[in-house]
>>> print(open('start10.pdb').read())   # PDB, C-alpha atoms and all ligand atoms
MODEL        1
ATOM      1  CA  MET R   1     105.174 104.561  99.547
ATOM      2  CA  ARG R   2     102.492 105.143 102.186
ATOM      3  CA  VAL R   3      99.446 102.886 102.237
ATOM      4  CA  LEU R   4      96.231 103.412 104.169
ATOM      5  CA  GLY R   5      94.870 100.046 105.357
ATOM      6  CA  ILE R   6      91.190  99.456 106.079
ATOM      7  CA  GLU R   7      89.902  96.366 107.921
ATOM      8  CA  THR R   8      86.149  95.891 108.413
ATOM      9  CA  SER R   9      85.595  92.159 107.909
ATOM     10  CA  CYS R  10      83.933  91.427 111.265
ATOM     11  CA  ASP R  11      83.583  93.318 114.549
ATOM     12  CA  GLU R  12      86.684  95.515 114.483
ATOM     13  CA  THR R  13      87.190  98.721 112.527
ATOM     14  CA  GLY R  14      90.952  98.815 111.926
ATOM     15  CA  ILE R  15      92.694 101.711 110.180
ATOM     16  CA  ALA R  16      96.469 102.026 109.792
ATOM     17  CA  ILE R  17      99.120 103.712 107.666
ATOM     18  CA  TYR R  18     102.162 101.695 106.601
ATOM     19  CA  ASP R  19     105.203 103.314 105.013
ATOM     20  CA  THR R  20     107.476 100.989 103.008
ATOM     21  CA  ASP R  21     110.551 102.977 104.194
ATOM     22  CA  HIS R  22     109.599 103.814 107.771
ATOM     23  CA  GLY R  23     107.194 101.055 108.819
ATOM     24  CA  LEU R  24     103.950 101.604 110.665
ATOM     25  CA  LEU R  25     103.105 105.324 111.047
ATOM     26  CA  SER R  26      99.735 104.952 112.737
ATOM     27  CA  ASP R  27      97.423 102.228 113.893
ATOM     28  CA  CYS R  28      93.840 102.835 115.079
ATOM     29  CA  LEU R  29      91.364 100.216 116.190
ATOM     30  CA  TYR R  30      87.787 100.324 117.359
ATOM     31  CA  SER R  31      86.409  97.068 118.751
ATOM     32  CA  GLN R  32      82.662  96.427 118.724
ATOM     33  CA  VAL R  33      82.899  93.713 121.387
ATOM     34  CA  LYS R  34      80.638  95.601 123.845
ATOM     35  CA  LEU R  35      78.007  96.143 121.140
ATOM     36  CA  HIS R  36      77.655  92.398 120.448
ATOM     37  CA  ALA R  37      78.263  91.049 123.979
ATOM     38  CA  ASP R  38      74.554  91.129 124.955
ATOM     39  CA  TYR R  39      73.755  88.820 122.014
ATOM     40  CA  GLY R  40      76.544  86.322 122.735
ATOM     41  CA  GLY R  41      78.003  86.739 119.231
ATOM     42  CA  VAL R  42      78.399  89.148 116.316
ATOM     43  CA  VAL R  43      75.136  90.543 114.898
ATOM     44  CA  PRO R  44      76.055  91.279 111.249
ATOM     45  CA  GLU R  45      73.652  94.181 110.696
ATOM     46  CA  LEU R  46      74.794  95.939 113.885
ATOM     47  CA  ALA R  47      78.410  95.381 112.833
ATOM     48  CA  SER R  48      77.892  97.009 109.399
ATOM     49  CA  ARG R  49      76.129 100.016 110.908
ATOM     50  CA  ASP R  50      78.835 100.536 113.503
ATOM     51  CA  HIS R  51      81.580 100.391 110.842
ATOM     52  CA  VAL R  52      79.681 103.179 109.014
ATOM     53  CA  ARG R  53      79.783 105.294 112.189
ATOM     54  CA  LYS R  54      83.452 104.685 113.019
ATOM     55  CA  ILE R  55      85.331 104.406 109.729
ATOM     56  CA  VAL R  56      85.713 108.068 108.710
ATOM     57  CA  PRO R  57      86.576 109.395 112.200
ATOM     58  CA  LEU R  58      89.194 106.616 112.500
ATOM     59  CA  ILE R  59      90.733 107.489 109.108
ATOM     60  CA  LYS R  60      91.005 111.126 110.239
ATOM     61  CA  GLN R  61      92.560 109.949 113.514
ATOM     62  CA  ALA R  62      95.094 107.752 111.665
ATOM     63  CA  LEU R  63      96.167 110.670 109.447
ATOM     64  CA  GLN R  64      96.496 112.938 112.494
ATOM     65  CA  GLN R  65      98.480 110.357 114.437
ATOM     66  CA  ALA R  66     100.944 110.092 111.521
ATOM     67  CA  HIS R  67     101.022 113.906 111.035
ATOM     68  CA  LEU R  68      99.946 113.422 107.430
ATOM     69  CA  ASN R  69      97.436 114.937 105.022
ATOM     70  CA  ALA R  70      95.349 113.015 102.534
ATOM     71  CA  THR R  71      97.802 114.077  99.774
ATOM     72  CA  ASP R  72     100.600 112.134 101.548
ATOM     73  CA  ILE R  73      98.827 108.784 100.980
ATOM     74  CA  ASN R  74      99.950 106.886  97.866
ATOM     75  CA  GLY R  75      97.561 103.947  97.927
ATOM     76  CA  ILE R  76      94.703 102.304  99.779
ATOM     77  CA  ALA R  77      94.290  98.662 100.790
ATOM     78  CA  PHE R  78      91.054  97.206 102.140
ATOM     79  CA  THR R  79      89.939  93.766 103.314
ATOM     80  CA  GLN R  80      88.126  92.259 100.366
ATOM     81  CA  GLY R  81      87.071  89.070 102.151
ATOM     82  CA  PRO R  82      86.344  86.620 103.587
ATOM     83  CA  GLY R  83      84.091  88.173 106.212
ATOM     84  CA  LEU R  84      80.603  89.513 106.871
ATOM     85  CA  VAL R  85      79.374  90.851 103.565
ATOM     86  CA  GLY R  86      77.744  94.047 104.895
ATOM     87  CA  ALA R  87      80.773  94.865 107.013
ATOM     88  CA  LEU R  88      83.131  94.241 104.081
ATOM     89  CA  LEU R  89      80.994  96.462 101.868
ATOM     90  CA  VAL R  90      81.537  99.445 104.190
ATOM     91  CA  GLY R  91      85.336  99.139 103.972
ATOM     92  CA  ALA R  92      85.302  98.495 100.228
ATOM     93  CA  SER R  93      82.998 101.477  99.501
ATOM     94  CA  VAL R  94      85.024 103.914 101.586
ATOM     95  CA  ALA R  95      88.340 102.624 100.187
ATOM     96  CA  LYS R  96      87.210 102.887  96.568
ATOM     97  CA  SER R  97      85.550 106.291  97.061
ATOM     98  CA  LEU R  98      88.643 107.780  98.722
ATOM     99  CA  ALA R  99      90.935 106.288  96.069
ATOM    100  CA  PHE R 100      88.748 107.821  93.356
ATOM    101  CA  ALA R 101      88.644 111.220  95.098
ATOM    102  CA  TRP R 102      92.378 111.228  95.869
ATOM    103  CA  ASN R 103      93.269 109.734  92.477
ATOM    104  CA  ILE R 104      95.441 106.945  93.893
ATOM    105  CA  PRO R 105      95.396 103.147  93.425
ATOM    106  CA  VAL R 106      93.284 100.853  95.583
ATOM    107  CA  VAL R 107      93.813  97.137  96.196
ATOM    108  CA  GLY R 108      91.673  94.457  97.832
ATOM    109  CA  VAL R 109      93.493  92.197 100.311
ATOM    110  CA  HIS R 110      92.529  88.661 101.329
ATOM    111  CA  HIS R 111      91.885  88.768 105.074
ATOM    112  CA  MET R 112      93.920  85.597 105.698
ATOM    113  CA  GLU R 113      96.900  86.960 103.728
ATOM    114  CA  GLY R 114      96.739  89.936 106.082
ATOM    115  CA  HIS R 115      96.930  87.588 109.097
ATOM    116  CA  LEU R 116      99.688  85.547 107.448
ATOM    117  CA  LEU R 117     101.869  88.642 106.960
ATOM    118  CA  ALA R 118     101.193  90.197 110.408
ATOM    119  CA  PRO R 119     104.497  88.823 111.858
ATOM    120  CA  MET R 120     106.279  90.993 109.268
ATOM    121  CA  LEU R 121     105.285  94.045 111.364
ATOM    122  CA  GLU R 122     107.655  92.850 114.120
ATOM    123  CA  ASP R 123     111.389  93.600 114.453
ATOM    124  CA  ASN R 124     112.130  89.873 114.582
ATOM    125  CA  LYS R 125     110.448  88.830 111.336
ATOM    126  CA  PRO R 126     110.763  85.463 109.584
ATOM    127  CA  ASP R 127     112.681  85.009 106.334
ATOM    128  CA  TYR R 128     110.904  83.142 103.549
ATOM    129  CA  PRO R 129     110.166  80.274 103.047
ATOM    130  CA  PHE R 130     108.099  79.124 106.033
ATOM    131  CA  VAL R 131     105.026  77.154 107.023
ATOM    132  CA  ALA R 132     102.174  79.288 108.395
ATOM    133  CA  LEU R 133      99.497  78.073 110.786
ATOM    134  CA  LEU R 134      96.571  80.472 110.494
ATOM    135  CA  VAL R 135      94.065  80.104 113.309
ATOM    136  CA  SER R 136      91.291  82.662 113.564
ATOM    137  CA  GLY R 137      87.606  82.799 114.414
ATOM    138  CA  GLY R 138      86.546  81.977 110.860
ATOM    139  CA  HIS R 139      89.413  79.893 109.431
ATOM    140  CA  SER R 140      92.095  77.371 110.312
ATOM    141  CA  MET R 141      94.709  76.575 107.702
ATOM    142  CA  LEU R 142      98.253  75.424 107.136
ATOM    143  CA  VAL R 143     100.013  77.220 104.292
ATOM    144  CA  ASP R 144     103.386  76.626 102.666
ATOM    145  CA  VAL R 145     104.743  80.133 102.033
ATOM    146  CA  LYS R 146     107.506  80.103  99.413
ATOM    147  CA  GLY R 147     107.672  83.883  99.255
ATOM    148  CA  LEU R 148     105.503  86.977  99.343
ATOM    149  CA  GLY R 149     102.405  86.139  97.298
ATOM    150  CA  HIS R 150     103.447  82.506  96.764
ATOM    151  CA  TYR R 151     101.128  80.431  98.886
ATOM    152  CA  HIS R 152     100.173  76.790  98.775
ATOM    153  CA  VAL R 153      97.369  75.710 101.120
ATOM    154  CA  LEU R 154      98.437  72.406 102.720
ATOM    155  CA  GLY R 155      95.312  71.821 104.780
ATOM    156  CA  GLU R 156      92.325  73.541 106.344
ATOM    157  CA  SER R 157      89.396  72.975 108.643
ATOM    158  CA  ILE R 158      86.589  70.936 107.133
ATOM    159  CA  ASP R 159      84.095  72.335 109.676
ATOM    160  CA  ASP R 160      84.549  74.750 112.614
ATOM    161  CA  ALA R 161      87.611  76.986 112.824
ATOM    162  CA  ALA R 162      89.848  76.701 115.912
ATOM    163  CA  GLY R 163      88.668  80.076 117.244
ATOM    164  CA  GLU R 164      85.062  79.127 116.634
ATOM    165  CA  ALA R 165      85.544  75.929 118.677
ATOM    166  CA  PHE R 166      87.079  78.005 121.492
ATOM    167  CA  ASP R 167      84.166  80.472 121.388
ATOM    168  CA  LYS R 168      81.439  77.800 121.287
ATOM    169  CA  THR R 169      83.005  75.777 124.108
ATOM    170  CA  ALA R 170      83.429  78.971 126.139
ATOM    171  CA  LYS R 171      79.731  79.702 125.673
ATOM    172  CA  LEU R 172      78.871  76.191 126.932
ATOM    173  CA  LEU R 173      81.006  76.977 129.999
ATOM    174  CA  GLY R 174      78.908  80.090 130.555
ATOM    175  CA  LEU R 175      81.677  82.534 129.572
ATOM    176  CA  ASP R 176      81.018  85.844 127.802
ATOM    177  CA  TYR R 177      81.638  86.572 124.123
ATOM    178  CA  PRO R 178      84.246  86.404 122.665
ATOM    179  CA  GLY R 179      85.032  83.386 124.762
ATOM    180  CA  GLY R 180      88.424  82.273 123.395
ATOM    181  CA  PRO R 181      90.601  84.474 125.619
ATOM    182  CA  LEU R 182      88.300  83.890 128.642
ATOM    183  CA  LEU R 183      88.467  80.121 128.214
ATOM    184  CA  ALA R 184      92.273  80.371 128.022
ATOM    185  CA  LYS R 185      92.249  82.379 131.267
ATOM    186  CA  LEU R 186      90.021  79.814 133.011
ATOM    187  CA  ALA R 187      92.270  76.969 131.771
ATOM    188  CA  VAL R 188      95.191  78.438 133.742
ATOM    189  CA  GLU R 189      93.331  77.436 136.950
ATOM    190  CA  GLY R 190      92.654  73.947 135.614
ATOM    191  CA  GLU R 191      94.661  70.790 136.175
ATOM    192  CA  GLY R 192      95.312  67.910 133.804
ATOM    193  CA  GLY R 193      94.385  64.237 134.188
ATOM    194  CA  HIS R 194      90.649  64.711 134.887
ATOM    195  CA  TYR R 195      89.273  64.815 131.353
ATOM    196  CA  LYS R 196      90.523  63.476 128.050
ATOM    197  CA  PHE R 197      89.348  65.087 124.815
ATOM    198  CA  PRO R 198      89.950  63.501 121.382
ATOM    199  CA  ARG R 199      92.646  64.769 118.956
ATOM    200  CA  PRO R 200      90.513  64.871 115.799
ATOM    201  CA  MET R 201      91.909  63.594 112.495
ATOM    202  CA  THR R 202      95.396  62.928 113.867
ATOM    203  CA  ASP R 203      95.074  59.137 113.433
ATOM    204  CA  ARG R 204      95.045  59.384 109.632
ATOM    205  CA  PRO R 205      97.361  61.066 107.136
ATOM    206  CA  GLY R 206      96.678  64.542 105.828
ATOM    207  CA  LEU R 207      96.789  68.122 107.027
ATOM    208  CA  ASP R 208      93.099  69.045 107.288
ATOM    209  CA  PHE R 209      91.492  69.840 110.635
ATOM    210  CA  SER R 210      88.098  69.188 112.166
ATOM    211  CA  PHE R 211      87.011  70.867 115.383
ATOM    212  CA  SER R 212      83.249  70.405 115.507
ATOM    213  CA  GLY R 213      83.580  67.006 117.240
ATOM    214  CA  LEU R 214      85.596  68.597 120.037
ATOM    215  CA  LYS R 215      82.814  71.074 120.604
ATOM    216  CA  THR R 216      80.247  68.212 120.823
ATOM    217  CA  HIS R 217      82.554  66.336 123.197
ATOM    218  CA  ALA R 218      82.762  69.512 125.298
ATOM    219  CA  ALA R 219      78.955  69.860 125.303
ATOM    220  CA  ASN R 220      78.493  66.268 126.543
ATOM    221  CA  THR R 221      81.243  66.610 129.157
ATOM    222  CA  ILE R 222      79.879  69.906 130.493
ATOM    223  CA  ARG R 223      76.307  68.582 130.669
ATOM    224  CA  SER R 224      77.239  65.718 133.006
ATOM    225  CA  ALA R 225      79.894  67.576 135.040
ATOM    226  CA  ASN R 226      79.695  69.507 138.310
ATOM    227  CA  LYS R 227      79.227  73.242 137.912
ATOM    228  CA  ASP R 228      81.906  74.303 140.411
ATOM    229  CA  ARG R 229      84.730  76.530 139.154
ATOM    230  CA  GLN R 230      87.513  73.930 139.550
ATOM    231  CA  THR R 231      85.638  71.361 137.438
ATOM    232  CA  GLN R 232      84.887  73.974 134.767
ATOM    233  CA  ALA R 233      88.562  75.021 134.766
ATOM    234  CA  ASN R 234      89.641  71.363 134.388
ATOM    235  CA  ILE R 235      87.352  71.017 131.362
ATOM    236  CA  ALA R 236      88.723  74.259 129.852
ATOM    237  CA  PHE R 237      92.249  72.938 130.417
ATOM    238  CA  ALA R 238      91.524  69.587 128.711
ATOM    239  CA  PHE R 239      89.784  71.275 125.782
ATOM    240  CA  GLN R 240      92.619  73.767 125.198
ATOM    241  CA  GLN R 241      95.191  70.981 125.481
ATOM    242  CA  ALA R 242      93.338  68.924 122.840
ATOM    243  CA  VAL R 243      93.122  71.841 120.364
ATOM    244  CA  VAL R 244      96.760  72.814 120.864
ATOM    245  CA  ASP R 245      97.988  69.187 120.672
ATOM    246  CA  THR R 246      96.042  68.663 117.453
ATOM    247  CA  LEU R 247      97.478  71.847 115.928
ATOM    248  CA  ALA R 248     101.002  70.880 117.024
ATOM    249  CA  ILE R 249     100.708  67.387 115.477
ATOM    250  CA  LYS R 250      99.597  68.911 112.155
ATOM    251  CA  CYS R 251     102.323  71.580 112.237
ATOM    252  CA  LYS R 252     104.979  68.910 112.783
ATOM    253  CA  ARG R 253     103.581  66.937 109.858
ATOM    254  CA  ALA R 254     103.513  70.020 107.601
ATOM    255  CA  LEU R 255     107.117  70.923 108.481
ATOM    256  CA  LYS R 256     108.298  67.357 107.779
ATOM    257  CA  GLN R 257     106.392  67.260 104.493
ATOM    258  CA  THR R 258     107.763  70.583 103.228
ATOM    259  CA  GLY R 259     111.212  70.468 104.851
ATOM    260  CA  ARG R 260     110.741  74.037 106.169
ATOM    261  CA  LYS R 261     112.585  75.111 109.323
ATOM    262  CA  ARG R 262     110.456  78.122 110.196
ATOM    263  CA  LEU R 263     106.903  78.139 111.530
ATOM    264  CA  VAL R 264     104.712  81.236 111.628
ATOM    265  CA  ILE R 265     101.511  81.298 113.678
ATOM    266  CA  ALA R 266      98.958  84.054 113.143
ATOM    267  CA  GLY R 267      95.264  84.885 113.533
ATOM    268  CA  GLY R 268      93.290  85.473 116.749
ATOM    269  CA  VAL R 269      94.069  82.092 118.357
ATOM    270  CA  SER R 270      97.820  82.702 117.940
ATOM    271  CA  ALA R 271      97.451  85.049 120.940
ATOM    272  CA  ASN R 272      96.931  81.885 123.029
ATOM    273  CA  LYS R 273      99.889  81.515 125.418
ATOM    274  CA  TYR R 274      99.688  77.729 125.720
ATOM    275  CA  LEU R 275      99.709  77.376 121.914
ATOM    276  CA  ARG R 276     102.779  79.638 121.661
ATOM    277  CA  GLU R 277     104.561  77.638 124.392
ATOM    278  CA  GLN R 278     103.803  74.256 122.851
ATOM    279  CA  LEU R 279     104.763  75.297 119.316
ATOM    280  CA  GLY R 280     107.910  76.917 120.749
ATOM    281  CA  ASN R 281     108.810  73.548 122.324
ATOM    282  CA  LEU R 282     108.063  71.720 119.076
ATOM    283  CA  MET R 283     110.327  74.010 117.035
ATOM    284  CA  HIS R 284     113.050  73.675 119.666
ATOM    285  CA  GLN R 285     112.856  69.858 119.337
ATOM    286  CA  MET R 286     112.883  70.096 115.540
ATOM    287  CA  GLY R 287     115.795  72.563 115.481
ATOM    288  CA  GLY R 288     113.725  75.317 113.902
ATOM    289  CA  GLN R 289     112.213  78.642 114.859
ATOM    290  CA  VAL R 290     108.723  79.877 115.595
ATOM    291  CA  PHE R 291     107.457  83.395 114.826
ATOM    292  CA  TYR R 292     104.239  85.137 115.803
ATOM    293  CA  PRO R 293     102.819  88.652 115.811
ATOM    294  CA  SER R 294     102.619  90.680 119.010
ATOM    295  CA  VAL R 295      99.217  90.218 120.669
ATOM    296  CA  GLN R 296      97.567  93.321 119.148
ATOM    297  CA  TYR R 297      98.360  92.045 115.629
ATOM    298  CA  CYS R 298      97.058  88.495 116.249
ATOM    299  CA  THR R 299      93.422  89.587 116.156
ATOM    300  CA  ASP R 300      91.929  91.744 113.399
ATOM    301  CA  ASN R 301      93.673  95.071 112.730
ATOM    302  CA  GLY R 302      94.300  97.591 109.959
ATOM    303  CA  ALA R 303      98.099  97.337 110.159
ATOM    304  CA  MET R 304      98.275  93.847 108.603
ATOM    305  CA  ILE R 305      96.020  94.985 105.746
ATOM    306  CA  ALA R 306      98.105  98.133 105.121
ATOM    307  CA  TYR R 307     101.280  95.976 105.108
ATOM    308  CA  ALA R 308      99.835  93.343 102.752
ATOM    309  CA  GLY R 309      98.526  96.088 100.454
ATOM    310  CA  ALA R 310     101.903  97.846 100.394
TER     311      ALA R 310
HETATM  312  O1  LIG H 401      91.602  86.695 113.720
HETATM  313  P1  LIG H 401      90.475  87.095 114.559
HETATM  314  O2  LIG H 401      90.548  88.404 115.319
HETATM  315  O3  LIG H 401      89.133  87.194 113.743
HETATM  316  C1  LIG H 401      88.858  86.401 112.627
HETATM  317  O4  LIG H 401      89.423  86.645 111.562
HETATM  318  O5  LIG H 401      88.059  85.471 112.863
HETATM  319  O6  LIG H 401      90.229  85.890 115.584
HETATM  320  C2  LIG H 401      89.274  85.919 116.586
HETATM  321  C3  LIG H 401      89.264  84.583 117.285
HETATM  322  C4  LIG H 401      88.080  84.410 118.219
HETATM  323  O7  LIG H 401      87.498  83.158 117.981
HETATM  324  C5  LIG H 401      88.734  84.480 119.597
HETATM  325  O8  LIG H 401      88.025  83.779 120.587
HETATM  326  C6  LIG H 401      90.078  83.841 119.319
HETATM  327  O9  LIG H 401      90.450  84.398 118.069
HETATM  328  N1  LIG H 401      91.076  84.175 120.358
HETATM  329  C7  LIG H 401      91.630  83.268 121.192
HETATM  330  C8  LIG H 401      92.509  83.972 122.047
HETATM  331  N2  LIG H 401      92.464  85.300 121.686
HETATM  332  C9  LIG H 401      91.602  85.387 120.651
HETATM  333  N3  LIG H 401      91.454  81.932 121.300
HETATM  334  C10 LIG H 401      92.144  81.289 122.248
HETATM  335  N4  LIG H 401      93.006  81.898 123.103
HETATM  336  C11 LIG H 401      93.212  83.223 123.048
HETATM  337  N5  LIG H 401      94.062  83.793 123.894
HETATM  338 ZN    ZN H 402      90.807  87.783 111.302
ENDMDL
END
>>> encode(input="start10.pdb", output="structure tokens")
Amino acid sequence: MRVLGIETSCDETGIAIYDTDHGLLSDCLYSQVKLHADYGGVVPELASRDHVRKIVPLIKQALQQAHLNATDINGIAFTQGPGLVGALLVGASVAKSLAFAWNIPVVGVHHMEGHLLAPMLEDNKPDYPFVALLVSGGHSMLVDVKGLGHYHVLGESIDDAAGEAFDKTAKLLGLDYPGGPLLAKLAVEGEGGHYKFPRPMTDRPGLDFSFSGLKTHAANTIRSANKDRQTQANIAFAFQQAVVDTLAIKCKRALKQTGRKRLVIAGGVSANKYLREQLGNLMHQMGGQVFYPSVQYCTDNGAMIAYAGA
């Protein structure tokens, strides 16, 4: 079965074709980053309009790349939410219209289920069951995954998502949008021991997260600190360490609570090298394994939606 996947939840138009026998046949992505950069964040109306411009050409490109015609597609999957409502509407309208015209089934996919299943696009994929840490720009959650479609949310962020905290702190450091990857790059030049950020909600039981306090702590630290590059890098380092430490503490707790031996990390922040390293160390200590998508499938893409739909 060949499924056309359509992702338009935020600032990326992602179109891919997944074949249940042969894997990914094509994968096209258009990022709107440049469009929103001048505003320091995503402008929803501009995002919707740009999806309208890009979606049909990208679908044609995906078919061409896979050497397929429309009649070779057996189903369509689109991101149903969560996301920007106007942007989602573009994907949903095109998906449903094409499915009607081509007389094939169409299915809405939860954006976070797409992220959760992204590691399944890799050669080295996890067996079920596992614990998934989903860390994106809009959501942070820990999920106990018993099998495909069997999810139990163990905890989630009660305020800012991990990616959001990265982006907001990056902005305070004067970095461009989207700041997460730029902050991570700056942190490489930083050294530890100069600043200490809190590890929110780790001193009490439970698996929920809170990141808005870290952002406030960052704002206060940055306001009273020198503006030279080394100081800024030291702050980036301490901030990243606090987020990653907090995530690692909660992952360890979730694995102990569920007895799972496999940890999956997915979503935009799972591209973060320091997070991958630290969770790799944790799983090594615990005698388990960690899995994550390759970098292009950490952030939003059509391939994860096509896979989840299939
Ligand atoms: O999953 P995603 O593409 O979009 C949402 O569903 O939100 O995640 C985007 C988020 C942004 O906040 C971005 O700054 C963050 O992922 N991100 C990173 C890194 N790469 C992307 N955060 C920290 N380190 C990175 N290397
Ligand atoms: Zn996402």
>>> residues_around(input="start10.pdb", residues="Asp300 of chain R", least_positions_apart="2", cutoff="9 Å", atoms="only C-alpha atoms", output="NGL selection string")
:R and (7-14 or 29 or 111 or 114-115 or 267-268 or 296-298 or 302-304)
>>> residues_around(input="start10.pdb", residues="Leu133 of chain R", least_positions_apart="6", cutoff="6 Å", atoms="all atoms listed in the file", output="PyMOL selection string")
chain R and resi 141-142+265
>>> resolve_selection(input="start10.pdb", expression="the PyMOL selection byres (((chain R and resi 84) around 12) and not hetatm)", output="VMD selection string")
chain R and resid 7 to 12 42 to 48 51 79 to 83 85 to 91 111 138
>>> closest_residue(input="start10.pdb", among="R:Asp208, R:Glu113, R:Asp144, R:Asp38", to="Leu263 of chain R", atoms="only C-alpha atoms")
R:Asp144
>>> closest_residue(input="start10.pdb", among="R:Lys168, R:Lys96, R:Arg49, R:Lys256", to="ligand LIG 401 (chain H)", atoms="all atoms listed in the file")
R:Lys168
>>> closest_residue(input="start10.pdb", among="R:Tyr151, R:Phe166, R:Phe237, R:Phe130", to="Thr258 of chain R", atoms="all atoms listed in the file")
R:Phe130
>>> resolve_selection(input="start10.pdb", expression="the PyMOL selection byres (((chain R and resi 174-187) around 8) and not hetatm)", output="JSON, numbers by chain")
{"R": [33, 36, 37, 40, 41, 163, 166, 167, 168, 169, 170, 171, 172, 173, 188, 189, 190, 191, 232, 233, 234, 235, 236, 237, 240, 269, 272]}
>>> atom_distance(input="start10.pdb", atom1="atom CA of Asn124 of chain R", atom2="atom CA of Ile73 of chain R")
26.8 Å
>>> resolve_selection(input="start10.pdb", expression="the PyMOL selection byres (((chain R and resi 207) around 10) and not hetatm)", output="list in words")
Met141, Leu142, Val153, Leu154, Gly155, Glu156, Ser157, Met201, Thr202, Arg204, Pro205, Gly206, Asp208, Phe209, Leu247, Ile249, Lys250, Cys251, Arg253, Ala254 and Gln257 of chain R
>>> residues_near_point(input="start10.pdb", point="(84.4, 70.4, 109.5)", cutoff="9 Å", atoms="all atoms listed in the file", output="ChimeraX atom specification")
/R:157-161,209-213
>>> atom_distance(input="start10.pdb", atom1="atom CA of Pro293 of chain R", atom2="atom CA of Thr20 of chain R")
18.4 Å
>>> axis_aligned_box(input="start10.pdb", around="segment 250-257 of chain R", padding_each_side="8 Å", output="AutoDock Vina command-line options")
--center_x 103.9 --center_y 69.3 --center_z 108.6 --size_x 24.7 --size_y 20.6 --size_z 24.3
